[in-house]
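Participant: The structure follows.
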Amino acid sequence: MNKLFKIAALAYTLIVGFTSCDKDEAPVDQEYQARVMVKDGETKKLADVSVSINTEGTISRHGAVYSLRNFRQFIIGEDGAVTENVAPQFYFNFKENDGVSAEDAMLTLNATQRNMDVVSNTSRGYTLSYIDKAFESVTAADNFTAAPDNKVGIVTPFSPEGTIGWSNYDMSVHHILPIANRTLIVSKDGALLFKFRINSIYSNETPNKESASDNYVYYSVDYQGFK
């Protein structure tokens, strides 16, 4: 009996000891499991890894900054198959690193000749603001200005006074040029989430003509989450 009692007591001590260690151990800060996980220095083709069957482009990561290149989406037909027709709106979610459906979007990126507005999904609580400061230097401590109607687009000579955009339209060459050092901010229910900049709407970020280039709409976007 004494031997059995000693064995039981030892087992109880070990169990209590392990339980105590588990309680005392600091929780591990797990990285959010996005739909598309990208390692530092890695580039992935969205056509190969996207959860959405109609998404194209590449995504890469350098440190904490993600780079979305040549992003676009295609219309899905009534039969559920992807067509060859480019969609008039693209949908992206920075948290998922992926093109998504309209319902799951953080942002809508309009993609027609006359409408390249970027709009936040207010139905999910996402809002847009901006600051005229270099992307790399923007921090959560900065003061941001709300974007009217949670939208930024192309500023032309005919735009209403006070229009806030991510780009200007150069009438001399009929090209869309990003506004230097304009950084955009996505928040959700008042909490800062991501800063981002739009670099280009031309394929490979390069207009294909000296004037009136037509190799669009391919979004190039850099983004980074606030810590």
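Numbering starts fresh at 1 for the residues of each chain in the structure tokens, the chains themselves are lettered A, B, ... in the order given, and ligands are numbered from 1 as they appear.
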Pull the closest atom pair for each residue of stretch 55-83 of chain A that gets at most 12 Å from stretch 182-199 of chain A, along with the distance in Å to one decimal, counting only C-alpha atoms, ordering rows by chain and then ascending residue number, as a Markdown table.
Facilitator:
| residue | atom | partner | partner_atom | distance |
| --- | --- | --- | --- | --- |
| A:Ala64 | CA | A:Phe194 | CA | 11.1 |
| A:Val65 | CA | A:Phe196 | CA | 9.4 |
| A:Tyr66 | CA | A:Phe196 | CA | 9.4 |
| A:Ser67 | CA | A:Phe196 | CA | 9.7 |
| A:Leu68 | CA | A:Ile198 | CA | 9.5 |
| A:Arg69 | CA | A:Asn199 | CA | 9.3 |
| A:Asn70 | CA | A:Asn199 | CA | 10.8 |
| A:Phe71 | CA | A:Ile198 | CA | 11.5 |
Participant: Go ahead and dump the residues you just picked, N, CA and C atoms, as a tab-separated table (two decimals), in the first residue's frame.
Facilitator:
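Result file is out_24.tsv:
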chain	number	residue	atom	x	y	z
A	64	ALA	N	7.96	44.09	-43.12
A	64	ALA	CA	6.55	44.22	-42.79
A	64	ALA	C	5.73	44.81	-43.92
A	65	VAL	N	6.38	45.12	-45.04
A	65	VAL	CA	5.69	45.77	-46.16
A	65	VAL	C	5.33	44.73	-47.22
A	66	TYR	N	4.05	44.75	-47.62
A	66	TYR	CA	3.57	43.87	-48.68
A	66	TYR	C	3.42	44.68	-49.97
A	67	SER	N	3.75	44.05	-51.09
A	67	SER	CA	3.68	44.72	-52.39
A	67	SER	C	2.78	43.92	-53.32
A	68	LEU	N	1.68	44.55	-53.71
A	68	LEU	CA	0.73	43.97	-54.64
A	68	LEU	C	0.99	44.55	-56.03
A	69	ARG	N	1.20	43.70	-57.02
A	69	ARG	CA	1.56	44.16	-58.35
A	69	ARG	C	0.65	43.53	-59.41
A	70	ASN	N	0.33	44.35	-60.42
A	70	ASN	CA	-0.49	43.90	-61.56
A	70	ASN	C	-1.78	43.23	-61.11
A	71	PHE	N	-2.38	43.78	-60.06
A	71	PHE	CA	-3.59	43.19	-59.50
A	71	PHE	C	-4.82	43.54	-60.33
Participant: At a cut-off of 6 Å, can you tabulate as a Markdown table every residue of stretch 131-198 of chain A near stretch 114-121 of chain A together with its closest atom pair and the distance in Å to one decimal, using only C-alpha atoms and ordering rows by chain then number?
Facilitator:
| residue | atom | partner | partner_atom | distance |
| --- | --- | --- | --- | --- |
| A:Asn150 | CA | A:Ser120 | CA | 5.9 |
| A:Lys151 | CA | A:Val119 | CA | 4.5 |
| A:Val152 | CA | A:Val118 | CA | 5.4 |
| A:Gly153 | CA | A:Asp117 | CA | 4.0 |
Participant: Kindly export the residues of the current selection with all heavy atoms, as a PDB file, in the first residue's frame.
Facilitator:
ATOM      1  N   ASN A 150     -15.276  58.505 -47.800  1.00  0.00           N
ATOM      2  CA  ASN A 150     -14.406  57.323 -47.719  1.00  0.00           C
ATOM      3  C   ASN A 150     -13.976  56.864 -49.104  1.00  0.00           C
ATOM      4  O   ASN A 150     -13.974  55.672 -49.420  1.00  0.00           O
ATOM      5  CB  ASN A 150     -15.114  56.189 -46.973  1.00  0.00           C
ATOM      6  CG  ASN A 150     -15.320  56.534 -45.524  1.00  0.00           C
ATOM      7  OD1 ASN A 150     -14.359  56.692 -44.777  1.00  0.00           O
ATOM      8  ND2 ASN A 150     -16.569  56.686 -45.111  1.00  0.00           N
ATOM      9  N   LYS A 151     -13.557  57.850 -49.903  1.00  0.00           N
ATOM     10  CA  LYS A 151     -13.209  57.585 -51.297  1.00  0.00           C
ATOM     11  C   LYS A 151     -12.073  58.502 -51.729  1.00  0.00           C
ATOM     12  O   LYS A 151     -12.030  59.674 -51.357  1.00  0.00           O
ATOM     13  CB  LYS A 151     -14.442  57.827 -52.184  1.00  0.00           C
ATOM     14  CG  LYS A 151     -14.201  57.695 -53.665  1.00  0.00           C
ATOM     15  CD  LYS A 151     -15.500  57.865 -54.436  1.00  0.00           C
ATOM     16  CE  LYS A 151     -16.054  59.268 -54.337  1.00  0.00           C
ATOM     17  NZ  LYS A 151     -17.270  59.450 -55.169  1.00  0.00           N
ATOM     18  N   VAL A 152     -11.141  57.961 -52.516  1.00  0.00           N
ATOM     19  CA  VAL A 152     -10.099  58.763 -53.162  1.00  0.00           C
ATOM     20  C   VAL A 152     -10.029  58.332 -54.618  1.00  0.00           C
ATOM     21  O   VAL A 152     -10.208  57.160 -54.940  1.00  0.00           O
ATOM     22  CB  VAL A 152      -8.714  58.588 -52.491  1.00  0.00           C
ATOM     23  CG1 VAL A 152      -8.689  59.211 -51.110  1.00  0.00           C
ATOM     24  CG2 VAL A 152      -8.316  57.114 -52.408  1.00  0.00           C
ATOM     25  N   GLY A 153      -9.781  59.304 -55.502  1.00  0.00           N
ATOM     26  CA  GLY A 153      -9.781  58.959 -56.919  1.00  0.00           C
ATOM     27  C   GLY A 153      -8.755  59.734 -57.710  1.00  0.00           C
ATOM     28  O   GLY A 153      -7.655  60.012 -57.221  1.00  0.00           O
TER      29      GLY A 153
END
Participant: Write out as a list in words the residues lying within 6 Å of A:Ile75, counting only C-alpha atoms and excluding same-chain residues fewer than 6 positions away.
Facilitator: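 The residues that qualify are Thr83, Asn85, Val86 and Ala87 of chain A.
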Participant: Do you know which residues are at most 8 Å from A:Ala146 counting only C-alpha atoms, after dropping those on the same chain fewer than 3 positions away, and could you put them as a ChimeraX atom specification?
Facilitator: /A:128-130,150
Participant: From the DSSP assignment of the backbone, select every residue of chain A that is alpha helix (DSSP H), and format the answer as a PyMOL selection string.
Facilitator: chain A and resi 2-24+46-49
Participant: So, with only C-alpha atoms as the atoms that count, which of A:Asp149, A:Gly225, A:Ile59, A:Gln89 lies closest to A:Ser101?
Facilitator: A:Gln89
Participant: I'd like to know which of A:Tyr218, A:Phe135, A:Phe158, A:Phe144 is closest to A:Ile179, using only C-alpha atoms.
Facilitator: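 Distance minimum relative to A:Ile179 lands on A:Phe135.
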Participant: With only C-alpha atoms as the basis for distance, which of A:Glu161, A:Glu84, A:Ala111, A:Pro148 is at the shortest distance from A:Asn215?
Facilitator: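 Closest to A:Asn215 of all the choices is A:Ala111.
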